[in-house]
Each structure stands twice: as C-alpha cells, then as structure tokens.
Amino acid sequence: ITGLANLSRDLSAKRIELLKELFPKLSGVAVLWDADGPGPAIAVKEYAAAARAFKLELQSLEVRGPNPDFAGAFQAAKTARVEALIVVGNALMFHHAKQIFELAKKTRLPSMTEEARYPREGGLISYGASLTDLYRKTGTYVGRILKGAKPADMLVEQPREFEIFINGKTAQQLGLEIPRRVLLRANEVIE
C-alpha cells in the first residue's frame with residue numbers, strides 16, 4: 001500500500017489556532033458535521049481535543065441527510081452563543097454549501113473549513129493541504145507504478161504545502177476585518 005495523506009484531521013488544532021488568531025477573545029466554537037458519515041465523527045473528536053487545548057467550549061451540531069436540518073443546527077449554535085463555526089467537509093456538506101454559508105452569514109457566524117472549495121461557496125476561511133500539490137504528486141506516483149515501481153516499496157507521503165483561502169466578500173458581509181498578518185499568509189483572497 002502506498003499513497004498520499006492529506007492530513008485533514010491532523011490539522012484540526014491548526015484551524016482552531018487560526019480562528020483564535022482571527023478572534024483573540026474567542027471562547028466558543030461550533031462544529032457542524034454529518035453524523036451519518038464515519039470520517040466526520042473522527043473529525044469531531046479531533047476538534048474537541050483541539051478546543052480543550054485552546055480552552056474553548058465546543059458545541060457539536062449534528063445533521064443527517066438527505067434533508068439535513070441546518071436551520072435547527074444554526075438555532076442550536078445561536079442558543080449556545082458560539083462565536084465561530086467549523087464545517088467538517090464531506091459530500092453532504094458540499095452539496096448544501098450555499099445554504100450552510102447563507103445561514104452562517106444570517107446568524108453572523110464566521111466559518112472555518114477544511115478545503116478551498118468552501119470559501120469559494122461563501123465560507124469565510126479555509127486551511128488545509130494543497131490539493132493541487134497532492135494531485136500533482138498522485139500523477140508522479142502513478143507514473144512510477146506504471147514504470148514498474150512496487151507500491152509496497154513506496155512510502156506514504158505527507159503534504160508539504162498548506163493553503164489558506166479567505167472569502168473577502170463574506171468577511172465584508174460579516175463586518176469583519178481580517179488581520180493583515182493573516183491576509184499576507186493567504187494563498188488567495190476571494191472577492
């Protein structure tokens with residue numbers, strides 16, 4: 001077995017750290033996730049551990065498909081008085097991304113996501129491994145295998161490039177000013 005790791009779950013603490021950098025007085029965060037998916041359940045555990053390390057209250061917002069109750073989840077976030085939202089990405093979340101981020105704007109919750117595609121759909125910010133770099137490396141792995149390399153002899157490689165994407169329009173709609181030090185680290189600010 002060989003391949004590439006994207007470290008999505010291992011970056012939970014870094015995402016929370018970035019939220020704390022954006023909002024130094026942050027005391028509570030909600031995690032919106034698909035309770036029917038096995039990957040998101042693991043992610044919630046990672047975010048809970050990271051939240052504890054940063055002394056944050058964590059509110060779990062479980063939804064289930066095919067007709068997830070996002071309005072109810074956002075009402076629970078409002079009741080819990082959380083100050084930011086983390087969206088655990090999967091197919092269900094991406095399918096409903098527009099609705100999720102419209103609700104986030106309506107309830108004035110800044111959102112952190114795991115992939116660049118979410119800020120492009122209206123989320124505030126994402127932090128994750130560069131998918132472009134991982135796809136490029138995948139081609140290299142396939143090429144090596146086609147030339148006769150044995151997958152068992154190839155190490156699983158971890159990403160070396162990480163990206164921050166910020167939706168400037170969403171920040172403006174939420175009345176947020178992104179600190180310059182974060183903007184300078186961003187790979188792209190979507191306007």
# chains A, B, ... in the order shown; residues from 1 in each chain; ligands from 1
$ closest_atom_pairs --of "stretch 54-99 of chain A" --to "stretch 117-135 of chain A" --cutoff "9 Å" --atoms "only C-alpha atoms" --output "tab-separated table"
residue	atom	partner	partner_atom	distance
A:Gly89	CA	A:Tyr118	CA	8.5
A:Phe94	CA	A:Tyr118	CA	7.5
A:Ala97	CA	A:Glu121	CA	6.3
A:Lys98	CA	A:Glu121	CA	5.9
$ closest_atom_pairs --of "stretch 19-49 of chain A" --to "stretch 61-78 of chain A" --cutoff "8 Å" --atoms "only C-alpha atoms" --output "Markdown table"
| residue | atom | partner | partner_atom | distance |
| --- | --- | --- | --- | --- |
| A:Ala30 | CA | A:Ala77 | CA | 6.5 |
| A:Val31 | CA | A:Leu61 | CA | 5.7 |
| A:Leu32 | CA | A:Leu61 | CA | 4.6 |
| A:Trp33 | CA | A:Glu62 | CA | 5.3 |
| A:Asp34 | CA | A:Val63 | CA | 5.1 |
| A:Ala35 | CA | A:Glu62 | CA | 5.5 |
| A:Asp36 | CA | A:Arg64 | CA | 6.0 |
$ residues_around --residues "A:Leu176" --least-positions-apart "2" --cutoff "12 Å" --atoms "only C-alpha atoms" --output "ChimeraX atom specification"
/A:22-23,105,108-111,124-125,166-174,178-179
$ write_last_selection --atoms "C-alpha atoms" --output "compact mmCIF listing (two decimals), in the first residue's frame"
# COMPACT_ATOMS: atom_id res chain seq x y z
CA LEU A 22 -8.65 35.99 13.86
CA PHE A 23 -10.73 36.33 17.04
CA LYS A 105 -23.96 34.91 7.33
CA ARG A 108 -23.27 36.25 11.81
CA LEU A 109 -21.09 33.19 12.41
CA PRO A 110 -17.65 33.28 10.78
CA SER A 111 -16.85 29.87 9.31
CA LEU A 124 -15.11 32.73 5.38
CA ILE A 125 -11.78 30.89 5.58
CA ILE A 166 -10.25 33.75 2.55
CA ASN A 167 -13.54 34.99 1.14
CA GLY A 168 -13.20 38.78 1.35
CA LYS A 169 -16.82 39.35 0.38
CA THR A 170 -18.02 37.15 3.24
CA ALA A 171 -15.71 38.98 5.67
CA GLN A 172 -17.20 42.28 4.49
CA GLN A 173 -20.77 40.98 4.85
CA LEU A 174 -19.98 39.88 8.41
CA ILE A 178 -9.11 40.13 8.64
CA PRO A 179 -5.75 40.91 10.32
$ select_by_dssp --residues "stretch 42-138 of chain A" --states "helix (DSSP H, G or I)" --output "PyMOL selection string"
chain A and resi 42-53+70-80+91-95+97-106+117-120+131-138
